[in-house]
Every structure is written in C-alpha cells, then in structure tokens.
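Structure below is upload-v2.cif: mmCIF, C-alpha atoms.
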data_upload
#
loop_
_atom_site.label_atom_id
_atom_site.label_comp_id
_atom_site.auth_asym_id
_atom_site.auth_seq_id
_atom_site.Cartn_x
_atom_site.Cartn_y
_atom_site.Cartn_z
CA MET A 1 0.00 0.00 0.00
CA ALA A 2 1.18 3.51 -0.77
CA TYR A 3 1.64 6.39 1.64
CA GLY A 4 -1.72 7.83 2.75
CA SER A 5 -1.95 11.58 2.16
CA LEU A 6 -3.07 13.99 4.85
CA ALA A 7 -6.72 15.00 4.81
CA ILE A 8 -6.12 18.73 4.95
CA ASP A 9 -8.98 21.19 4.77
CA ARG A 10 -10.16 21.92 1.23
CA ALA A 11 -10.09 25.64 1.97
CA THR A 12 -6.36 25.59 2.76
CA PRO A 13 -4.77 28.41 0.71
CA PRO A 14 -2.50 27.40 -2.19
CA HIS A 15 0.92 28.31 -0.79
CA ALA A 16 0.14 26.69 2.56
CA LYS A 17 -1.24 23.63 0.82
CA ALA A 18 1.86 23.35 -1.36
CA LEU A 19 4.12 23.51 1.70
CA ILE A 20 2.12 20.78 3.44
CA ARG A 21 2.58 18.57 0.39
CA VAL A 22 6.34 19.23 0.55
CA LEU A 23 6.20 18.22 4.22
CA GLU A 24 4.57 14.95 3.19
CA SER A 25 7.02 14.25 0.40
CA ASN A 26 10.18 15.07 2.37
CA TYR A 27 9.22 13.93 5.86
CA LEU A 28 6.06 11.89 6.35
CA SER A 29 6.41 9.56 3.39
CA ASP A 30 9.92 8.71 4.59
CA VAL A 31 8.50 7.83 8.00
CA HIS A 32 5.92 5.60 6.29
CA THR A 33 8.76 3.62 4.72
CA MET A 34 10.86 3.46 7.89
CA LEU A 35 7.91 2.06 9.83
CA ARG A 36 8.26 -1.11 7.73
CA LEU A 37 11.65 -1.74 9.38
CA PRO A 38 13.29 -3.84 10.66
CA ASP A 39 13.22 -6.71 8.20
CA PHE A 40 15.65 -9.36 9.38
CA ASP A 41 14.92 -11.50 6.33
CA LEU A 42 16.64 -8.81 4.23
CA ASP A 43 19.37 -8.11 6.81
CA LEU A 44 17.76 -4.74 7.58
CA VAL A 45 18.04 -5.00 11.34
CA ALA A 46 17.63 -1.36 12.43
CA GLY A 47 14.17 -0.24 13.50
CA CYS A 48 14.93 3.46 12.87
CA ASN A 49 13.41 4.48 16.21
CA LEU A 50 15.70 7.48 16.54
CA ALA A 51 15.56 8.42 12.86
CA ILE A 52 11.76 8.43 12.82
CA THR A 53 11.55 10.47 16.00
CA GLN A 54 14.08 12.97 14.65
CA VAL A 55 12.22 13.35 11.35
CA LEU A 56 8.92 13.93 13.15
CA ALA A 57 10.45 16.44 15.58
CA ALA A 58 12.03 18.27 12.64
CA ALA A 59 8.65 18.34 10.92
CA VAL A 60 7.03 19.87 14.01
CA SER A 61 9.82 22.43 14.17
CA GLY A 62 9.41 23.40 10.52
CA ILE A 63 5.64 23.65 10.74
CA SER A 64 5.86 25.78 13.88
CA VAL A 65 7.80 28.57 12.14
CA THR A 66 6.08 28.49 8.75
CA LEU A 67 2.45 27.45 9.12
CA TYR A 68 1.78 28.07 12.82
CA ASP A 69 3.39 31.36 13.92
CA HIS A 70 5.93 33.86 12.67
CA THR A 71 6.88 35.66 15.88
CA GLY A 72 8.63 34.63 19.09
CA GLY A 73 11.43 32.18 19.72
CA PRO A 74 11.50 28.80 17.97
CA GLY A 75 11.09 26.92 21.26
CA ILE A 76 7.97 28.91 22.14
CA ARG A 77 6.48 28.25 18.72
CA PHE A 78 7.41 24.55 18.80
CA LYS A 79 5.70 24.03 22.15
CA GLY A 80 2.78 26.29 21.26
CA LEU A 81 2.00 24.28 18.13
CA LEU A 82 2.02 21.02 20.05
CA GLU A 83 -0.05 22.41 22.91
CA LYS A 84 -2.78 23.78 20.67
CA TYR A 85 -3.02 21.30 17.81
CA TYR A 86 -1.56 17.93 18.84
CA PRO A 87 -4.44 15.53 19.68
CA TRP A 88 -3.66 15.22 23.41
CA SER A 89 -7.35 14.81 24.24
CA ARG A 90 -7.38 11.55 22.27
CA GLU A 91 -4.50 10.02 24.20
CA PRO A 92 -5.50 6.99 26.31
CA GLY A 93 -5.99 7.93 29.95
CA ASN A 94 -5.02 11.57 29.35
CA ALA A 95 -1.42 10.52 30.04
CA VAL A 96 -0.03 14.09 30.11
CA THR A 97 -1.44 17.58 29.83
CA PRO A 98 -0.89 19.42 26.53
CA GLN A 99 1.56 21.74 28.26
CA ASP A 100 3.57 18.90 29.79
CA GLY A 101 3.51 16.83 26.61
CA ALA A 102 4.77 19.73 24.50
CA LYS A 103 7.45 20.55 27.04
CA ILE A 104 8.67 16.95 27.19
CA ILE A 105 8.89 16.56 23.41
CA TYR A 106 10.80 19.82 23.12
CA SER A 107 13.10 19.63 26.11
CA VAL A 108 13.98 15.93 26.21
CA ILE A 109 13.30 14.76 22.64
CA ARG A 110 13.83 17.60 20.17
CA ASN A 111 16.77 19.41 21.74
CA PRO A 112 19.02 16.68 23.25
CA LEU A 113 18.60 14.29 20.33
CA THR A 114 19.24 17.05 17.81
CA HIS A 115 22.05 19.04 19.39
CA ASP A 116 24.22 16.72 21.52
CA LEU A 117 23.57 13.11 20.48
CA GLY A 118 21.24 12.55 23.41
CA LEU A 119 23.79 13.49 26.09
CA ASP A 120 21.54 16.34 27.29
CA LEU A 121 24.44 18.64 28.09
CA GLU A 122 22.06 21.27 29.48
CA ASN A 123 20.69 18.65 31.91
CA LYS A 124 17.05 19.36 31.06
CA ARG A 125 15.91 15.82 31.79
CA ARG A 126 17.85 15.61 35.09
CA GLY A 127 18.93 11.99 34.78
CA GLN A 128 15.75 10.78 33.09
CA LYS A 129 16.29 7.83 30.76
CA ILE A 130 14.68 8.38 27.35
CA VAL A 131 13.23 5.33 25.58
CA LEU A 132 12.04 5.52 21.97
CA LYS A 133 9.67 2.57 21.71
CA ARG A 134 8.32 0.81 18.62
CA LEU A 135 5.34 -1.48 18.26
CA THR A 136 6.31 -5.03 17.31
CA MET A 137 2.92 -6.53 16.42
CA GLY A 138 4.14 -9.82 17.89
CA ASN A 139 7.19 -10.13 15.64
CA ALA A 140 10.34 -8.27 16.68
CA ARG A 141 12.04 -9.30 13.43
CA LYS A 142 9.59 -7.35 11.31
CA GLY A 143 8.40 -3.78 11.24
CA LEU A 144 4.76 -2.85 10.85
CA PRO A 145 2.61 -4.39 8.13
CA GLU A 146 1.12 -1.99 5.62
CA HIS A 147 -2.42 -2.49 6.86
CA PHE A 148 -1.45 -1.15 10.30
CA ILE A 149 0.47 1.79 8.83
CA ALA A 150 -2.71 2.59 6.91
CA GLN A 151 -4.51 2.78 10.27
CA LEU A 152 -1.86 5.22 11.51
CA GLU A 153 -2.64 7.34 8.46
CA SER A 154 -6.39 7.38 9.18
CA PRO A 155 -8.39 9.73 11.44
CA ASN A 156 -9.04 7.08 14.09
CA ARG A 157 -6.32 6.33 16.62
CA PRO A 158 -5.39 2.64 16.29
CA ARG A 159 -6.02 0.38 19.27
CA PRO A 160 -4.33 -0.84 21.32
CA MET A 161 -1.68 1.84 21.31
CA SER A 162 -0.14 3.40 24.41
CA PRO A 163 0.22 7.18 24.84
CA THR A 164 2.71 9.22 22.85
CA VAL A 165 4.54 10.12 26.05
CA THR A 166 4.66 8.06 29.25
CA VAL A 167 6.51 9.54 32.23
CA GLN A 168 7.76 7.36 35.07
CA SER A 169 10.03 8.22 37.98
CA ARG A 170 13.31 7.66 36.11
CA LYS A 171 12.17 7.04 32.55
CA THR A 172 10.29 8.86 29.80
CA THR A 173 8.99 6.68 26.97
CA VAL A 174 7.95 7.97 23.56
CA LEU A 175 5.93 5.63 21.36
CA VAL A 176 7.11 6.29 17.83
CA GLU A 177 3.93 5.17 16.08
CA ALA A 178 1.73 7.28 18.34
CA PHE A 179 3.91 10.30 17.61
CA TYR A 180 3.51 9.71 13.86
CA TRP A 181 -0.27 9.46 14.11
CA GLY A 182 -0.38 12.53 16.37
CA VAL A 183 1.79 14.71 14.12
CA ARG A 184 -0.42 13.86 11.15
CA GLN A 185 -3.55 14.77 13.11
CA MET A 186 -1.85 17.96 14.29
CA VAL A 187 -1.25 19.14 10.72
CA GLU A 188 -4.80 18.30 9.68
CA HIS A 189 -6.16 20.18 12.70
CA LEU A 190 -3.98 23.19 11.94
CA SER A 191 -5.20 23.23 8.33
CA ARG A 192 -8.76 23.71 9.61
CA ASP A 193 -7.80 26.89 11.45
CA ALA A 194 -8.69 29.47 8.79
CA SER A 195 -7.03 32.35 10.62
CA ARG A 196 -3.71 30.51 10.99
CA MET A 197 -3.79 29.36 7.39
CA GLN A 198 -4.44 32.84 6.07
CA SER A 199 -1.58 34.21 8.15
CA ALA A 200 0.68 31.44 6.83
CA GLU A 201 -0.44 32.17 3.28
CA THR A 202 0.48 35.84 3.62
CA PHE A 203 3.86 34.91 5.09
CA LEU A 204 4.65 32.33 2.42
CA ARG A 205 3.53 34.61 -0.39
CA SER A 206 5.83 37.37 0.88
CA ILE A 207 8.76 34.95 0.84
CA ARG A 208 7.93 33.85 -2.69
CA GLU A 209 7.70 37.46 -3.87
CA SER A 210 10.96 38.47 -2.18
CA THR A 211 12.87 35.70 -3.93
CA ALA A 212 11.24 36.08 -7.33
#
Just give me the structure as structure tokens.
Amino acid sequence: MAYGSLAIDRATPPHAKALIRVLESNYLSDVHTMLRLPDFDLDLVAGCNLAITQVLAAAVSGISVTLYDHTGGPGIRFKGLLEKYYPWSREPGNAVTPQDGAKIIYSVIRNPLTHDLGLDLENKRRGQKIVLKRLTMGNARKGLPEHFIAQLESPNRPRPMSPTVTVQSRKTTVLVEAFYWGVRQMVEHLSRDASRMQSAETFLRSIRESTA
C-alpha cells in the first residue's frame, strides 16, 4: 500500500497547501517507509526508532515557524504548536497535559537528540532515561505491516496503542507510532484553522515574492 496523504482542509490556501505537500514528500512519506523496518529476512536490522523520531520532531519544528506562527522564539512556537493542535485529548488515559507533553517533546526529545547526540548537556531531563519505543505486532524481526500503517494514516487512533509520552520516575517513553499518528492529526487540525492558514499564506507569499 502507498503512503496515505493527509486529509487537509479543502479551503487551505494554495501556498500553505503546497508547503504541506512538501512536508509529506520530504518527511512523512519517509517515515511511512521506515515504519516497515526492521526486516531481518533482508538483513535490515535497524528499527529506525531514533531516525523516525528525529524526522517527526524536525517536521514539528518546521511547521511551527512556517504554518503556525511567525513571531517569538522557535522553542515557544514549537511548544505552542504542540499544545494547541496535537491531539492530546485523544491520548488513552489523558497521560499528560498538553503543556507537559509539549514541554517533554521539546526539552527531552527535540533538543538533546538534535544538538548533543542525546547526552543532554544542558541537563534538562535531570537523569531521566529516554526510551524511543516501537510497536512489534508480535514479531520483533519485522516492522509494521502496511495495513497497520494505513490505520496510523487514518483519522481514528489505532487500538491498542499506548500514549505518545509516558513519564515514570526515572524514565520517559515515547511511542514512535503514536507520535507519527499525532503529528499527522496535528497538521490536519492546523489546516482547519482558517485564521492561521491565512496568516501562513500571507507569510509564504511574501517569501515567494521576495525571492522572485
């Protein structure tokens, strides 16, 4: 099965829509492929847990400064986007608040994994172990089957699937598949915010005109 495109709002302005399609082509479709890993039968033994998480965090970062907001620091925009548009209310058991979830993804996932190979030199996680977890579907030698990835690319959250972020006393766990589903829903939700999309359209058009 092929990558399942985002169901963005039909009223999304053209420049914003075009950028979302670039996001899909350069980020989300790659994640779709990586979710098929590992495949031990082909000697592809890496599950790409870190790579997928990094791609998704980079996508959130890019969206936050182009489609979401154009003022303030990048960290504020990153967390603001997640707080307002990530589907926290659909997480099982309301595992974390939107504010806490956004803060965790930014301070212990986005920054340490991007800037210092996970060493967390600024000590933001204060000794917390970070686990990037993948679903195995009962076979640790194989990644996800296409029919399950199709569920991740649908509006309904697949079951059973644990929360995106689970915080324990000395460990924070991020479920990669839940993060993928949530980021997709986040973009679709953002596309339905007419005010944000019009602001993004004005911003993107000004960039296009300044480089013409």
- Which residue, A:His147, A:Arg21, A:His189, A:Lys129, has the smallest gap to Val167 of chain A when you use only C-alpha atoms? A:Lys129
- Could you check which of A:Val45, A:Val96, A:Leu152, A:Leu67 is closest to Ile20 of chain A, using all atoms listed in the file?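 For Ile20 of chain A, the nearest of the given residues is A:Leu67.
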- Spatial neighbours of segment 3-16 of chain A, 10 Å, all atoms listed in the file, chain gap at least 3 places, as an MDAnalysis selection string: chainID A and resid 19:22 24:25 28:33 66:67 146 149:155 184:185 187:194 196:205 208
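Comparing the minimum interatomic distances between Ser64 of chain A and each of A:Glu209, A:Gly47, A:Val183, A:Lys142, counting only C-alpha atoms, we find that A:Val183 sits nearest.
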- Item | Reference answer for the PyMOL selection byres ((chain A and resi 57) around 10), as an MDAnalysis selection string | chainID A and resid 51:56 58:63 78 105:106 109:111 113:114 179:180 183
Once you have the residues from the selection above, write them out as a PDB file, in the coordinates of the input, restricted to C-alpha atoms.
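File produced: selection.pdb:
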ATOM      1  CA  ALA A  51      15.560   8.420  12.860  1.00  0.00           C
ATOM      2  CA  ILE A  52      11.760   8.430  12.820  1.00  0.00           C
ATOM      3  CA  THR A  53      11.550  10.470  16.000  1.00  0.00           C
ATOM      4  CA  GLN A  54      14.080  12.970  14.650  1.00  0.00           C
ATOM      5  CA  VAL A  55      12.220  13.350  11.350  1.00  0.00           C
ATOM      6  CA  LEU A  56       8.920  13.930  13.150  1.00  0.00           C
ATOM      7  CA  ALA A  58      12.030  18.270  12.640  1.00  0.00           C
ATOM      8  CA  ALA A  59       8.650  18.340  10.920  1.00  0.00           C
ATOM      9  CA  VAL A  60       7.030  19.870  14.010  1.00  0.00           C
ATOM     10  CA  SER A  61       9.820  22.430  14.170  1.00  0.00           C
ATOM     11  CA  GLY A  62       9.410  23.400  10.520  1.00  0.00           C
ATOM     12  CA  ILE A  63       5.640  23.650  10.740  1.00  0.00           C
ATOM     13  CA  PHE A  78       7.410  24.550  18.800  1.00  0.00           C
ATOM     14  CA  ILE A 105       8.890  16.560  23.410  1.00  0.00           C
ATOM     15  CA  TYR A 106      10.800  19.820  23.120  1.00  0.00           C
ATOM     16  CA  ILE A 109      13.300  14.760  22.640  1.00  0.00           C
ATOM     17  CA  ARG A 110      13.830  17.600  20.170  1.00  0.00           C
ATOM     18  CA  ASN A 111      16.770  19.410  21.740  1.00  0.00           C
ATOM     19  CA  LEU A 113      18.600  14.290  20.330  1.00  0.00           C
ATOM     20  CA  THR A 114      19.240  17.050  17.810  1.00  0.00           C
ATOM     21  CA  PHE A 179       3.910  10.300  17.610  1.00  0.00           C
ATOM     22  CA  TYR A 180       3.510   9.710  13.860  1.00  0.00           C
ATOM     23  CA  VAL A 183       1.790  14.710  14.120  1.00  0.00           C
TER      24      VAL A 183
END
- Task: List, as a VMD selection string, every residue that the PyMOL selection byres ((chain A and resi 168) around 12) selects in the file provided.
- Result: chain A and resid 95 to 96 128 to 131 165 to 167 169 to 174
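Nearest residue to Pro98 of chain A among A:Cys48, A:Leu81, A:Met1, A:Ala140 is A:Leu81, counting all atoms listed in the file.
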- Item | Atomic distance atom CA of Thr164 of chain A - atom CA of Met137 of chain A, expressed in Å with one decimal | 17.0 Å
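Closest approach to Met34 of chain A among A:Leu144, A:Asn156, A:Ser107, A:Met186 is made by A:Leu144 (distances from all atoms listed in the file).
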- Query: Could you state the separation of atom CA of Pro92 of chain A and atom CA of Leu175 of chain A in Å, given to one decimal place?
  - Reply: 12.5 Å
- Query: How many Å separate atom CA of Glu91 of chain A from atom CA of Gly73 of chain A?
  - Reply: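 Answer for the atom CA of Glu91 of chain A to atom CA of Gly73 of chain A separation: 27.7 Å.
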- Task: Quick one: everything within 10 Å of Gly93 of chain A, counting all atoms listed in the file, minus sequence neighbours fewer than 4 positions away in the same chain. Send it as a ChimeraX atom specification.
- Result: /A:89,162-163
Once 3 Å is added on each side, what are the centre and the three edge lengths, in Å to one decimal, of the axis-aligned box enclosing the listed atoms of segment 68-71 of chain A? Present them as lines of an AutoDock Vina configuration file.
center_x = 4.3
center_y = 31.9
center_z = 14.3
size_x = 11.1
size_y = 13.6
size_z = 9.2
- Residue neighbourhood Arg134 of chain A, 7 Å, only C-alpha atoms, exclusion window fewer than 5 positions, as an MDAnalysis selection string: chainID A and resid 49 175:177
- Task: Give the answer as one residue: which of A:Met161, A:Gly80, A:Pro145, A:Gln99 has the shortest atom-to-atom distance to Ala2 of chain A, using only C-alpha atoms?
- Result: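 Ranking A:Met161, A:Gly80, A:Pro145, A:Gln99 by distance to Ala2 of chain A, first place goes to A:Pro145.
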- Message: List the spatial neighbours of Ala102 of chain A as a list in words - criterion: any atom at most 7 Å away, only C-alpha atoms, same-chain residues fewer than 6 positions off excluded.
- Response: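 That gives Lys79, Leu82 and Glu83 of chain A.
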